[in-house]
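K.L.:
Dropping in query-v2.cif, which is mmCIF, C-alpha atoms and all ligand atoms:
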```cif
data_query
#
loop_
_atom_site.label_atom_id
_atom_site.label_comp_id
_atom_site.auth_asym_id
_atom_site.auth_seq_id
_atom_site.Cartn_x
_atom_site.Cartn_y
_atom_site.Cartn_z
CA MET B 1 94.95 106.15 126.68
CA SER B 2 94.28 105.57 123.00
CA LYS B 3 93.35 108.64 120.96
CA ASP B 4 91.17 109.04 117.91
CA LEU B 5 92.19 111.05 114.89
CA ASP B 6 90.41 114.42 115.08
CA ILE B 7 88.88 114.20 111.64
CA GLU B 8 87.34 117.66 111.79
CA TYR B 9 90.71 119.20 112.58
CA VAL B 10 92.28 117.24 109.73
CA ARG B 11 89.66 118.18 107.15
CA ASN B 12 89.94 121.83 108.11
CA LYS B 13 93.51 121.78 106.88
CA PHE B 14 92.33 121.09 103.32
CA PRO B 15 90.81 124.02 101.39
CA VAL B 16 88.92 121.58 99.18
CA PHE B 17 86.69 120.71 102.13
CA ARG B 18 85.87 124.39 102.75
CA ASN B 19 85.18 125.36 99.16
CA PRO B 20 81.43 125.23 98.31
CA LYS B 21 82.35 124.07 94.81
CA THR B 22 84.29 121.02 95.95
CA LYS B 23 83.36 120.19 99.53
CA ASP B 24 80.43 117.91 98.80
CA LEU B 25 82.22 115.47 96.52
CA ALA B 26 82.75 112.19 98.38
CA PHE B 27 86.22 111.59 97.04
CA PHE B 28 87.47 107.99 96.91
CA GLU B 29 90.11 108.15 94.18
CA ASN B 30 92.94 108.92 96.54
CA ALA B 31 95.18 106.18 95.15
CA GLY B 32 95.14 108.22 91.94
CA GLY B 33 96.23 111.40 93.72
CA THR B 34 95.36 112.97 97.06
CA TYR B 35 94.13 116.42 98.06
CA VAL B 36 96.67 118.95 99.30
CA PRO B 37 96.62 120.86 102.62
CA ASP B 38 96.90 124.67 103.02
CA SER B 39 100.47 124.43 104.25
CA VAL B 40 101.63 122.99 100.91
CA ILE B 41 99.57 125.40 98.80
CA ASN B 42 100.72 128.43 100.78
CA LYS B 43 104.38 127.52 100.32
CA LEU B 44 103.82 126.97 96.61
CA ASN B 45 102.14 130.37 96.37
CA LYS B 46 104.88 132.07 98.33
CA PHE B 47 107.59 130.59 96.12
CA MET B 48 105.77 131.59 92.95
CA THR B 49 105.02 135.13 94.13
CA GLU B 50 108.24 135.99 95.98
CA THR B 51 111.11 133.75 94.98
CA LYS B 52 110.46 132.47 91.47
CA VAL B 53 114.03 133.02 90.29
CA GLN B 54 116.98 130.73 89.71
CA PRO B 55 117.94 129.58 93.24
CA TYR B 56 121.32 129.57 94.99
CA GLY B 57 122.41 132.99 93.67
CA ASP B 58 123.67 135.93 95.76
CA PHE B 59 120.59 138.19 95.77
CA SER B 60 117.88 137.93 98.39
CA SER B 61 115.09 136.22 96.41
CA SER B 62 117.53 133.69 94.98
CA ILE B 63 119.07 132.96 98.37
CA GLU B 64 115.60 132.49 99.85
CA ALA B 65 114.53 130.20 96.98
CA GLY B 66 117.54 127.96 97.57
CA ASP B 67 116.93 127.96 101.32
CA GLU B 68 113.31 126.93 100.84
CA MET B 69 114.34 124.06 98.58
CA ASP B 70 117.05 122.92 101.00
CA ASN B 71 114.60 123.17 103.86
CA SER B 72 112.28 120.74 102.08
CA ILE B 73 115.11 118.30 101.39
CA ASN B 74 116.15 118.37 105.05
CA LYS B 75 112.61 117.97 106.35
CA ILE B 76 111.76 115.10 104.02
CA ALA B 77 115.01 113.35 104.97
CA ASP B 78 114.05 113.72 108.66
CA LEU B 79 110.53 112.49 108.03
CA LEU B 80 111.78 109.35 106.31
CA ASN B 81 114.79 108.93 108.60
CA ILE B 82 117.22 108.89 105.68
CA GLU B 83 120.17 111.06 104.68
CA LYS B 84 119.53 114.10 102.52
CA ASP B 85 121.81 112.77 99.77
CA GLU B 86 120.09 109.39 99.66
CA PHE B 87 117.14 110.42 97.51
CA ILE B 88 116.10 112.31 94.45
CA ILE B 89 112.89 114.19 93.83
CA GLY B 90 111.75 113.59 90.27
CA PRO B 91 108.54 114.15 88.30
CA SER B 92 106.96 110.72 88.85
CA THR B 93 107.71 107.23 90.09
CA THR B 94 107.48 105.96 86.52
CA MET B 95 110.26 108.34 85.49
CA ASN B 96 112.34 107.67 88.62
CA MET B 97 112.20 103.90 88.06
CA PHE B 98 113.11 104.37 84.43
CA LEU B 99 116.12 106.50 85.39
CA LEU B 100 117.16 103.98 88.00
CA SER B 101 116.99 101.13 85.49
CA ARG B 102 119.34 103.11 83.19
CA ALA B 103 121.67 104.10 86.02
CA ILE B 104 122.29 100.55 87.26
CA LYS B 105 122.22 98.74 83.94
CA HIS B 106 126.01 98.43 84.00
CA TRP B 107 125.73 96.25 87.13
CA LEU B 108 124.25 93.54 84.92
CA ASN B 109 125.92 91.14 82.53
CA LYS B 110 124.35 89.31 79.62
CA GLY B 111 122.18 86.50 81.00
CA ASP B 112 121.73 88.06 84.44
CA GLU B 113 118.19 87.93 85.77
CA ILE B 114 115.70 90.44 87.16
CA ILE B 115 112.51 89.35 88.89
CA VAL B 116 109.42 91.52 88.43
CA THR B 117 105.90 90.74 89.60
CA ASN B 118 102.57 90.88 87.81
CA GLN B 119 100.91 92.39 90.88
CA ASP B 120 102.77 95.72 90.54
CA HIS B 121 101.82 98.90 88.74
CA GLU B 122 103.71 99.02 85.43
CA ALA B 123 106.12 101.66 86.80
CA ASN B 124 108.17 99.02 88.62
CA ILE B 125 107.86 96.46 85.81
CA GLY B 126 108.11 98.15 82.43
CA ALA B 127 111.43 99.92 82.94
CA TRP B 128 113.00 96.62 83.99
CA ARG B 129 111.36 94.59 81.25
CA LYS B 130 112.90 96.96 78.70
CA LEU B 131 116.30 95.61 79.73
CA ALA B 132 115.37 92.35 77.99
CA ASP B 133 116.46 94.19 74.80
CA GLU B 134 119.96 94.15 76.26
CA ASP B 135 120.09 90.42 76.93
CA ILE B 136 118.94 90.60 80.54
CA ILE B 137 116.52 87.81 81.45
CA ILE B 138 113.26 88.95 83.01
CA LYS B 139 111.39 86.50 85.21
CA GLU B 140 107.89 87.02 86.51
CA TRP B 141 106.85 86.42 90.10
CA SER B 142 103.16 85.76 89.37
CA LEU B 143 100.37 86.30 91.83
CA ASN B 144 98.16 83.47 92.97
CA LYS B 145 95.11 83.72 90.70
CA ASP B 146 92.66 82.86 93.50
CA SER B 147 93.99 84.99 96.32
CA ALA B 148 95.66 87.71 94.18
CA GLU B 149 98.60 87.45 96.60
CA LEU B 150 102.32 87.15 95.90
CA GLU B 151 103.65 84.07 97.64
CA ILE B 152 107.18 83.90 98.99
CA GLU B 153 107.59 80.22 98.02
CA GLU B 154 107.02 81.21 94.41
CA LEU B 155 109.72 83.86 94.70
CA LYS B 156 112.14 81.33 96.20
CA SER B 157 111.60 79.05 93.22
CA LEU B 158 112.64 81.86 90.84
CA ILE B 159 115.87 82.86 92.55
CA ASN B 160 119.16 81.45 91.32
CA GLU B 161 122.81 82.55 91.10
CA LYS B 162 122.00 84.77 88.08
CA THR B 163 119.33 86.78 89.91
CA LYS B 164 120.54 90.33 90.54
CA ILE B 165 117.44 92.45 91.24
CA ILE B 166 113.93 91.88 92.60
CA CYS B 167 111.34 94.59 91.87
CA VAL B 168 108.21 94.42 93.99
CA CYS B 169 105.52 96.67 95.39
CA HIS B 170 105.05 97.25 99.10
CA THR B 171 101.33 97.40 98.37
CA SER B 172 99.56 96.85 95.06
CA ASN B 173 97.31 99.70 93.91
CA ILE B 174 94.65 97.07 93.09
CA VAL B 175 95.02 94.19 95.58
CA ALA B 176 96.09 96.46 98.49
CA SER B 177 97.52 93.81 100.79
CA ILE B 178 100.82 94.62 102.43
CA ASN B 179 103.68 92.61 100.99
CA ASN B 180 106.26 91.62 103.58
CA LEU B 181 109.19 93.61 102.22
CA LYS B 182 111.38 92.76 105.18
CA GLU B 183 111.07 89.05 104.46
CA ILE B 184 111.70 89.65 100.74
CA VAL B 185 114.73 91.87 101.39
CA ASP B 186 116.24 89.40 103.90
CA LEU B 187 115.82 86.57 101.42
CA ALA B 188 117.27 88.67 98.58
CA HIS B 189 120.29 89.85 100.54
CA LYS B 190 121.19 86.26 101.47
CA HIS B 191 121.66 85.74 97.73
CA ASP B 192 123.36 89.10 97.13
CA ILE B 193 120.31 90.39 95.25
CA LYS B 194 119.16 94.02 95.37
CA VAL B 195 115.51 94.96 95.98
CA VAL B 196 113.64 97.86 94.38
CA GLY B 197 110.44 98.54 96.32
CA ASP B 198 107.44 100.50 95.05
CA GLY B 199 105.84 102.29 97.98
CA VAL B 200 103.37 104.40 95.99
CA ALA B 201 100.25 102.67 97.33
CA TYR B 202 101.72 102.38 100.83
CA MET B 203 103.04 105.77 101.85
CA ALA B 204 99.75 107.65 102.17
CA HIS B 205 98.90 105.24 104.98
CA ASP B 206 102.15 104.73 106.85
CA LEU B 207 105.81 105.71 106.86
CA ALA B 208 107.92 102.81 105.66
CA ASP B 209 111.04 102.25 107.76
CA LEU B 210 113.45 102.11 104.87
CA LYS B 211 116.52 101.56 107.04
CA GLU B 212 114.90 98.92 109.22
CA ILE B 213 113.65 97.01 106.18
CA ASP B 214 117.13 97.52 104.69
CA LEU B 215 115.74 98.38 101.27
CA ASP B 216 118.20 99.06 98.49
CA PHE B 217 115.88 101.34 96.51
CA TYR B 218 112.34 102.53 97.23
CA GLY B 219 110.11 104.91 95.31
CA PHE B 220 106.83 106.65 95.99
CA SER B 221 104.80 109.50 94.51
CA LEU B 222 104.44 112.61 96.65
CA TYR B 223 101.27 113.64 94.82
CA LYS B 224 99.61 110.57 96.31
CA THR B 225 100.78 111.51 99.81
CA PHE B 226 99.23 114.98 100.10
CA GLY B 227 102.03 116.79 98.24
CA PRO B 228 102.58 118.30 94.77
CA HIS B 229 103.04 116.26 91.59
CA LEU B 230 106.51 114.91 92.41
CA ALA B 231 107.98 111.55 93.31
CA LEU B 232 110.80 110.45 95.56
CA LEU B 233 113.31 107.72 94.91
CA TYR B 234 115.47 106.54 97.80
CA GLY B 235 118.69 104.61 97.34
CA LYS B 236 121.27 103.42 99.85
CA LYS B 237 124.21 105.80 99.75
CA GLU B 238 126.80 103.13 98.93
CA LEU B 239 124.64 101.94 96.04
CA LEU B 240 123.98 105.43 94.69
CA GLU B 241 127.74 105.88 94.56
CA GLU B 242 127.90 103.00 92.11
CA THR B 243 125.20 104.33 89.78
CA LYS B 244 126.02 105.78 86.40
CA ASN B 245 125.87 109.54 85.93
CA LEU B 246 122.79 110.29 83.83
CA ASN B 247 123.28 114.04 84.22
CA HIS B 248 125.76 116.46 82.61
CA GLU B 249 129.33 115.22 82.47
CA PHE B 250 130.65 117.96 84.77
CA LEU B 251 128.11 116.93 87.46
CA SER B 252 129.46 113.41 87.71
CA LYS B 253 130.40 113.83 91.39
CA GLU B 254 127.05 115.37 92.41
CA ILE B 255 125.40 112.21 93.71
CA PRO B 256 122.36 111.80 93.77
CA LEU B 257 121.76 114.64 91.24
CA THR B 258 123.56 112.30 88.84
CA LEU B 259 120.37 110.26 88.78
CA ASN B 260 118.12 113.23 88.12
CA PRO B 261 118.87 115.00 84.82
CA GLY B 262 117.23 118.42 84.78
CA GLY B 263 116.90 118.40 88.57
CA PRO B 264 113.69 118.75 90.56
CA ASN B 265 110.85 121.16 89.89
CA HIS B 266 111.83 124.11 92.10
CA GLU B 267 108.49 125.46 93.28
CA GLU B 268 107.14 122.01 94.01
CA LEU B 269 110.25 120.99 95.88
CA ALA B 270 110.03 124.20 97.92
CA CYS B 271 106.46 123.45 98.99
CA LEU B 272 107.30 119.96 100.22
CA SER B 273 108.20 121.36 103.62
CA GLY B 274 104.51 122.30 103.74
CA LEU B 275 103.82 118.59 103.81
CA THR B 276 106.04 117.99 106.82
CA ASP B 277 104.45 121.08 108.42
CA TYR B 278 101.08 119.40 107.91
CA TYR B 279 102.27 116.25 109.66
CA GLU B 280 103.77 118.32 112.48
CA ASP B 281 100.51 120.25 112.93
CA ILE B 282 98.56 117.02 113.23
CA TYR B 283 101.12 115.67 115.66
CA ASN B 284 101.00 118.82 117.81
CA HIS B 285 97.22 118.74 117.86
CA HIS B 286 97.16 115.19 119.23
CA PHE B 287 100.40 114.85 121.20
CA SER B 288 102.66 116.97 123.39
CA ASN B 289 106.06 115.23 123.52
CA GLN B 290 108.44 117.34 121.44
CA LYS B 291 111.54 115.36 122.32
CA ILE B 292 111.17 112.93 119.46
CA SER B 293 112.27 113.05 115.82
CA LEU B 294 110.08 114.07 112.91
CA HIS B 295 110.10 110.44 111.79
CA GLU B 296 108.79 109.31 115.19
CA LYS B 297 106.15 112.05 115.12
CA GLY B 298 105.11 110.80 111.69
CA LYS B 299 104.86 107.25 112.98
CA ALA B 300 102.69 108.46 115.88
CA ILE B 301 100.28 110.20 113.49
CA PHE B 302 100.03 107.16 111.27
CA LYS B 303 98.99 105.07 114.29
CA LEU B 304 95.94 107.34 114.57
CA VAL B 305 95.43 107.13 110.82
CA TYR B 306 95.62 103.35 111.06
CA SER B 307 92.64 103.08 113.43
CA HIS B 308 90.60 105.62 111.49
CA GLU B 309 91.21 103.92 108.15
CA GLU B 310 90.36 100.56 109.71
CA LYS B 311 86.96 101.90 110.81
CA LEU B 312 86.22 103.20 107.31
CA MET B 313 87.25 99.86 105.82
CA GLU B 314 85.16 97.85 108.27
CA LYS B 315 82.05 99.73 107.24
CA LEU B 316 82.69 99.54 103.50
CA LEU B 317 83.85 95.94 103.43
CA SER B 318 81.01 94.60 105.52
CA PHE B 319 78.62 96.16 103.00
CA LEU B 320 80.48 94.85 99.94
CA LYS B 321 80.75 91.36 101.45
CA SER B 322 76.98 91.30 101.91
CA LYS B 323 76.43 91.69 98.16
CA ASN B 324 76.39 88.38 96.28
CA ASN B 325 77.07 90.00 92.93
CA VAL B 326 80.28 91.71 94.06
CA LYS B 327 83.60 90.01 93.37
CA LEU B 328 86.17 91.48 95.73
CA ILE B 329 89.82 91.34 94.82
CA GLY B 330 92.28 90.37 97.52
CA LYS B 331 91.74 89.89 101.22
CA SER B 332 88.27 90.38 102.61
CA THR B 333 89.52 91.57 105.99
CA HIS B 334 89.34 95.22 107.02
CA LEU B 335 92.37 94.85 109.32
CA ARG B 336 95.02 97.42 108.52
CA SER B 337 97.78 95.01 109.54
CA GLU B 338 96.70 92.96 106.50
CA ARG B 339 95.71 95.51 103.89
CA MET B 340 95.47 99.18 102.99
CA PRO B 341 92.10 100.96 102.65
CA THR B 342 91.85 100.50 98.91
CA VAL B 343 89.18 98.12 97.63
CA SER B 344 88.86 96.86 94.07
CA PHE B 345 85.97 94.79 92.79
CA THR B 346 83.86 93.86 89.82
CA VAL B 347 80.08 93.45 89.76
CA ASN B 348 78.39 90.58 87.92
CA ASN B 349 76.56 91.70 84.79
CA LYS B 350 77.37 95.37 85.31
CA SER B 351 80.18 97.30 83.69
CA SER B 352 82.64 99.00 85.99
CA LEU B 353 82.54 102.08 83.76
CA SER B 354 78.77 102.49 84.13
CA ILE B 355 79.08 102.36 87.93
CA ALA B 356 81.90 104.92 87.97
CA GLN B 357 79.95 107.25 85.66
CA GLU B 358 76.77 106.96 87.70
CA ALA B 359 78.74 107.60 90.88
CA GLY B 360 80.18 110.77 89.35
CA LYS B 361 76.65 112.04 88.66
CA ASN B 362 75.83 111.41 92.32
CA GLY B 363 78.72 113.40 93.77
CA ILE B 364 80.99 110.43 94.38
CA GLY B 365 84.52 110.30 92.99
CA ILE B 366 85.51 106.76 92.05
CA ARG B 367 87.00 105.32 88.87
CA ASN B 368 87.19 102.13 86.90
CA GLY B 369 90.03 100.71 84.84
CA ASP B 370 93.27 98.83 85.17
CA PHE B 371 95.05 101.72 86.88
CA TYR B 372 98.19 100.76 84.93
CA ALA B 373 98.33 97.49 86.85
CA TRP B 374 97.15 95.78 83.68
CA ARG B 375 99.30 92.69 84.23
CA CYS B 376 97.63 92.28 87.61
CA LEU B 377 94.17 92.39 86.04
CA LYS B 378 95.26 90.05 83.26
CA GLY B 379 96.69 87.68 85.87
CA LEU B 380 93.32 87.69 87.60
CA GLY B 381 91.41 87.14 84.35
CA ILE B 382 89.70 90.55 84.45
CA ASP B 383 88.92 92.54 81.30
CA THR B 384 91.51 95.32 81.30
CA ASN B 385 89.33 97.74 79.33
CA ASP B 386 86.41 97.92 81.71
CA GLY B 387 88.65 96.94 84.60
CA VAL B 388 87.70 97.08 88.24
CA ILE B 389 85.91 99.63 90.35
CA ARG B 390 88.44 101.01 92.80
CA ILE B 391 87.55 102.76 96.03
CA SER B 392 90.54 104.16 97.81
CA MET B 393 90.35 105.99 101.10
CA VAL B 394 92.82 107.99 103.15
CA HIS B 395 92.70 109.50 106.62
CA TYR B 396 90.68 112.60 105.67
CA ASN B 397 87.77 110.50 104.44
CA SER B 398 84.87 110.50 106.87
CA ILE B 399 82.35 107.89 107.94
CA GLU B 400 79.65 110.18 106.47
CA GLU B 401 81.32 109.92 103.07
CA VAL B 402 81.46 106.14 103.35
CA ASN B 403 77.75 106.13 104.25
CA LYS B 404 77.00 108.23 101.16
CA LEU B 405 78.98 105.79 99.02
CA ILE B 406 77.18 102.78 100.51
CA SER B 407 73.77 104.38 99.94
CA PHE B 408 74.74 104.90 96.31
CA LEU B 409 76.06 101.35 95.88
CA GLU B 410 72.97 99.87 97.53
CA ILE B 411 70.89 101.23 94.66
CA ASN B 412 73.38 100.93 91.82
CA ILE B 413 75.03 97.54 92.10
C1 LIG C 501 101.49 101.34 93.06
C2 LIG C 501 101.88 102.39 92.06
N1 LIG C 501 103.14 102.41 91.62
C3 LIG C 501 103.56 103.33 90.74
C4 LIG C 501 102.69 104.28 90.24
C5 LIG C 501 103.21 105.29 89.25
O1 LIG C 501 103.37 106.52 89.86
P1 LIG C 501 103.60 107.83 88.98
O2 LIG C 501 102.29 108.30 88.50
O3 LIG C 501 104.25 108.78 89.95
O4 LIG C 501 104.53 107.46 87.88
C6 LIG C 501 101.37 104.28 90.64
C7 LIG C 501 100.42 105.26 90.08
O5 LIG C 501 99.23 105.10 90.12
C8 LIG C 501 100.95 103.32 91.59
O6 LIG C 501 99.68 103.27 92.02
#
```
What is this structure when it is put down as structure tokens?
P.N.:
Amino acid sequence: MSKDLDIEYVRNKFPVFRNPKTKDLAFFENAGGTYVPDSVINKLNKFMTETKVQPYGDFSSSIEAGDEMDNSINKIADLLNIEKDEFIIGPSTTMNMFLLSRAIKHWLNKGDEIIVTNQDHEANIGAWRKLADEDIIIKEWSLNKDSAELEIEELKSLINEKTKIICVCHTSNIVASINNLKEIVDLAHKHDIKVVGDGVAYMAHDLADLKEIDLDFYGFSLYKTFGPHLALLYGKKELLEETKNLNHEFLSKEIPLTLNPGGPNHEELACLSGLTDYYEDIYNHHFSNQKISLHEKGKAIFKLVYSHEEKLMEKLLSFLKSKNNVKLIGKSTHLRSERMPTVSFTVNNKSSLSIAQEAGKNGIGIRNGDFYAWRCLKGLGIDTNDGVIRISMVHYNSIEEVNKLISFLEINI
């Protein structure tokens, strides 16, 4: 029997929906950063009030601090079905990608090529483009101007024996369709090319199967997946072993800390197990089988999320498609197998900024801009200053909120 996501149960987990000051905002800027559940906040509070000391010492608060941090590492590894020494937790995906580009630079020789897209957020472009200063050739896999999609035939035409790395998003934070990373990785590996995936706009909506896709590197931002302001970068163990140590000289054997100078933020790392607790709570509320892994539990939850998000999208998209003055970017289908519940558009003869500002006055949280995917907007011929209106939903958004948004848009666009 198919189940529905218990939206009331879910929303009750988020203090923001109980607080009179914040509960009435219809929040649709989730791709910019999501709300955080009690379980994360409570762990953060506990760390700050009880164990805010240097961890891994021999006194009780220090031992507990280290244990809490290790617990998060173990839980996140289980959730993603990866090893605990196959990822770092850094401050942001932008920083993690930058560090990665420095740590694998020695794999490249003068004249070697890296392919970046113009559909991605700049985080998975800029760090790689900077290597052009060191005689690495950067090639652009450009989106189709009409469909806004990346086409595999175009990628094939760019690959040659000099190509060493392909950097591509799993989902664009503007276009929102799901790029077929498995197909891209299979193609790349046939040519001995490594793939760096950006999962930032994907992971609030599903758990990517990093091992099944056989990704070499994959990054996403935990603050956009219901956690604190941190980001995770995964790398295959055998590849991490070949990265350069960016950390102190005496830590050169401490892979993957070698990729993370300064190490993670302690209190935020400690509260990450609150995120896996949140997923487990949702699982336990909807399902009873305990004999499966945390990763499988996560996948089960995201199946419920999938149907809920699809319903929200169906409602919003059917409204937007009915408006002649709206220019939607990307696919016009609401099907979650095709796209994530993020919708970007422009409105004829109306500035995106004015719509976002008016929405704010009406208790609706949306934004305009290029969202740092400025090459994507330029590729689509859209003014990067005013940019697009972006509406991005996650599983805690309700149909009532979508109705409120539609009522606003009916009058204001
Ligand atoms: C698709 C995508 N990639 C990368 C980033 C950069 O993430 P961070 O803010 O963690 O550097 C963003 C941020 O909006 C994003 O949407």
K.L.:
Which one is closest to Ile406 (chain B): B:Leu328, B:Met313, B:Leu143, B:Met340? Count only C-alpha atoms.
P.N.:
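Ranked by minimum distance to Ile406 (chain B), first place goes to B:Met313.
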K.L.:
All residues within 8 Å of ligand LIG 501 (chain C) are required, counting all atoms listed in the file; please report them as a PDB file with C-alpha atoms, in the frame of the given file.
P.N.:
```
ATOM      1  CA  ALA B  31      95.180 106.180  95.150  1.00  0.00           C
ATOM      2  CA  GLY B  32      95.140 108.220  91.940  1.00  0.00           C
ATOM      3  CA  GLY B  33      96.230 111.400  93.720  1.00  0.00           C
ATOM      4  CA  PRO B  91     108.540 114.150  88.300  1.00  0.00           C
ATOM      5  CA  SER B  92     106.960 110.720  88.850  1.00  0.00           C
ATOM      6  CA  THR B  93     107.710 107.230  90.090  1.00  0.00           C
ATOM      7  CA  THR B  94     107.480 105.960  86.520  1.00  0.00           C
ATOM      8  CA  MET B  95     110.260 108.340  85.490  1.00  0.00           C
ATOM      9  CA  ASN B  96     112.340 107.670  88.620  1.00  0.00           C
ATOM     10  CA  ASP B 120     102.770  95.720  90.540  1.00  0.00           C
ATOM     11  CA  HIS B 121     101.820  98.900  88.740  1.00  0.00           C
ATOM     12  CA  GLU B 122     103.710  99.020  85.430  1.00  0.00           C
ATOM     13  CA  ALA B 123     106.120 101.660  86.800  1.00  0.00           C
ATOM     14  CA  ASN B 124     108.170  99.020  88.620  1.00  0.00           C
ATOM     15  CA  CYS B 169     105.520  96.670  95.390  1.00  0.00           C
ATOM     16  CA  THR B 171     101.330  97.400  98.370  1.00  0.00           C
ATOM     17  CA  SER B 172      99.560  96.850  95.060  1.00  0.00           C
ATOM     18  CA  ASN B 173      97.310  99.700  93.910  1.00  0.00           C
ATOM     19  CA  ASP B 198     107.440 100.500  95.050  1.00  0.00           C
ATOM     20  CA  GLY B 199     105.840 102.290  97.980  1.00  0.00           C
ATOM     21  CA  VAL B 200     103.370 104.400  95.990  1.00  0.00           C
ATOM     22  CA  ALA B 201     100.250 102.670  97.330  1.00  0.00           C
ATOM     23  CA  TYR B 202     101.720 102.380 100.830  1.00  0.00           C
ATOM     24  CA  PHE B 220     106.830 106.650  95.990  1.00  0.00           C
ATOM     25  CA  SER B 221     104.800 109.500  94.510  1.00  0.00           C
ATOM     26  CA  LEU B 222     104.440 112.610  96.650  1.00  0.00           C
ATOM     27  CA  TYR B 223     101.270 113.640  94.820  1.00  0.00           C
ATOM     28  CA  HIS B 229     103.040 116.260  91.590  1.00  0.00           C
ATOM     29  CA  LEU B 230     106.510 114.910  92.410  1.00  0.00           C
ATOM     30  CA  ALA B 231     107.980 111.550  93.310  1.00  0.00           C
ATOM     31  CA  PHE B 371      95.050 101.720  86.880  1.00  0.00           C
ATOM     32  CA  TYR B 372      98.190 100.760  84.930  1.00  0.00           C
ATOM     33  CA  ALA B 373      98.330  97.490  86.850  1.00  0.00           C
TER      34      ALA B 373
END
```
K.L.:
For Leu405 (chain B), please output as a ChimeraX atom specification all residues within 12 Å (counting only C-alpha atoms; exclusion window: fewer than 3 positions along the same chain).
P.N.:
/B:25-28,312,315-317,319-320,355-356,358-360,362-366,391-393,397-402,408-413
K.L.:
CA of Asn368 (chain B) and CA of Val116 (chain B) are how many Å apart?
P.N.:
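Those two atoms sit 24.7 Å apart.
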K.L.:
Tell me which protein, DNA and RNA residues are within 12 Å of Val53 (chain B), counting all atoms listed in the file, leaving out same-chain ones fewer than 2 positions away, and put them as a list in words.
P.N.:
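Listing them by chain and then by number gives Phe47, Met48, Thr49, Glu50, Thr51, Pro55, Tyr56, Gly57, Asp58, Phe59, Ser60, Ser61, Ser62, Ile63, Glu64, Ala65, Gly66, His266 and Glu267 of chain B.
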K.L.:
For CA of Lys21 (chain B) and CA of Lys224 (chain B), determine how far apart the two atoms are, in Å to one decimal place.
P.N.:
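Distance between the two atoms: 22.0 Å.
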K.L.:
Identify which of the residues B:Gly379, B:Pro228, B:Gly387, B:Gly90 lies closest to Pro264 (chain B), counting only C-alpha atoms when measuring atom-to-atom distances.
P.N.:
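Using only C-alpha atoms, Pro264 (chain B) sits closest to B:Gly90.
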K.L.:
Looking at all atoms listed in the file, which of B:Glu314, B:Asp383, B:Glu241, B:Glu29 is the one that sits closest to Arg339 (chain B)?
P.N.:
B:Glu314
K.L.:
Using Å and a single decimal, report how far CA of Phe302 (chain B) sits from CA of Asn265 (chain B).
P.N.:
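So the two atoms, CA of Asn265 (chain B) and CA of Phe302 (chain B), lie 27.8 Å apart.
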K.L.:
Which is closer to Lys182 (chain B) than all the others in B:Ile213, B:Ala208, B:Asp67, B:Lys244, using all atoms listed in the file?
P.N.:
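When distances to Lys182 (chain B) are compared using all atoms listed in the file, the smallest one comes from B:Ile213.
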K.L.:
Within 8 Å of Gly330 (chain B), counting only C-alpha atoms, which residues qualify if same-chain residues fewer than 2 places away don't, as an mmCIF file with C-alpha atoms, keeping the file's coordinate frame?
P.N.:
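Now in selection_1.cif:
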```cif
data_model
loop_
_atom_site.group_PDB
_atom_site.id
_atom_site.type_symbol
_atom_site.label_atom_id
_atom_site.label_comp_id
_atom_site.auth_asym_id
_atom_site.auth_seq_id
_atom_site.Cartn_x
_atom_site.Cartn_y
_atom_site.Cartn_z
ATOM 1 C CA SER B 147 93.990 84.990 96.320
ATOM 2 C CA ALA B 148 95.660 87.710 94.180
ATOM 3 C CA GLU B 149 98.600 87.450 96.600
ATOM 4 C CA VAL B 175 95.020 94.190 95.580
ATOM 5 C CA ALA B 176 96.090 96.460 98.490
ATOM 6 C CA SER B 177 97.520 93.810 100.790
ATOM 7 C CA LEU B 328 86.170 91.480 95.730
ATOM 8 C CA SER B 332 88.270 90.380 102.610
#
```
K.L.:
Tell me which of B:Val343, B:Ala270, B:Ile382, B:Ile159 sits closest to Met69 (chain B), counting all atoms listed in the file.
P.N.:
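Once distances to Met69 (chain B) are computed over all atoms listed in the file, the minimum belongs to B:Ala270.
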K.L.:
Around all listed atoms of region 41-44 of chain B, padded 6 Å per side, what centre and edge lengths does the axis-aligned box have in Å to one decimal, as AutoDock Vina command-line options?
P.N.:
```
--center_x 102.0 --center_y 126.9 --center_z 98.7 --size_x 16.8 --size_y 15.0 --size_z 16.2
```
K.L.:
With distances taken over all atoms listed in the file, which residue among B:Leu239, B:Met203, B:Ala132, B:Leu210 lies nearest Val305 (chain B)?
P.N.:
B:Met203
K.L.:
Could you list, as a list in words, every residue within 10 Å of Ala77 (chain B), counting all atoms listed in the file and ignoring same-chain residues fewer than 5 positions away?
P.N.:
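My list of contacting residues is Asn71, Ser72, Ile82, Glu83, Lys84, Asp85, Glu86, Phe87, Tyr234, Leu294 and His295 of chain B.
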K.L.:
Excluding same-chain residues fewer than 6 positions from Lys110 (chain B), what lies within 12 Å of it counting all atoms listed in the file, as JSON, numbers by chain?
P.N.:
{"B": [131, 132, 133, 134, 135, 136, 137, 138, 162, 163, 164]}
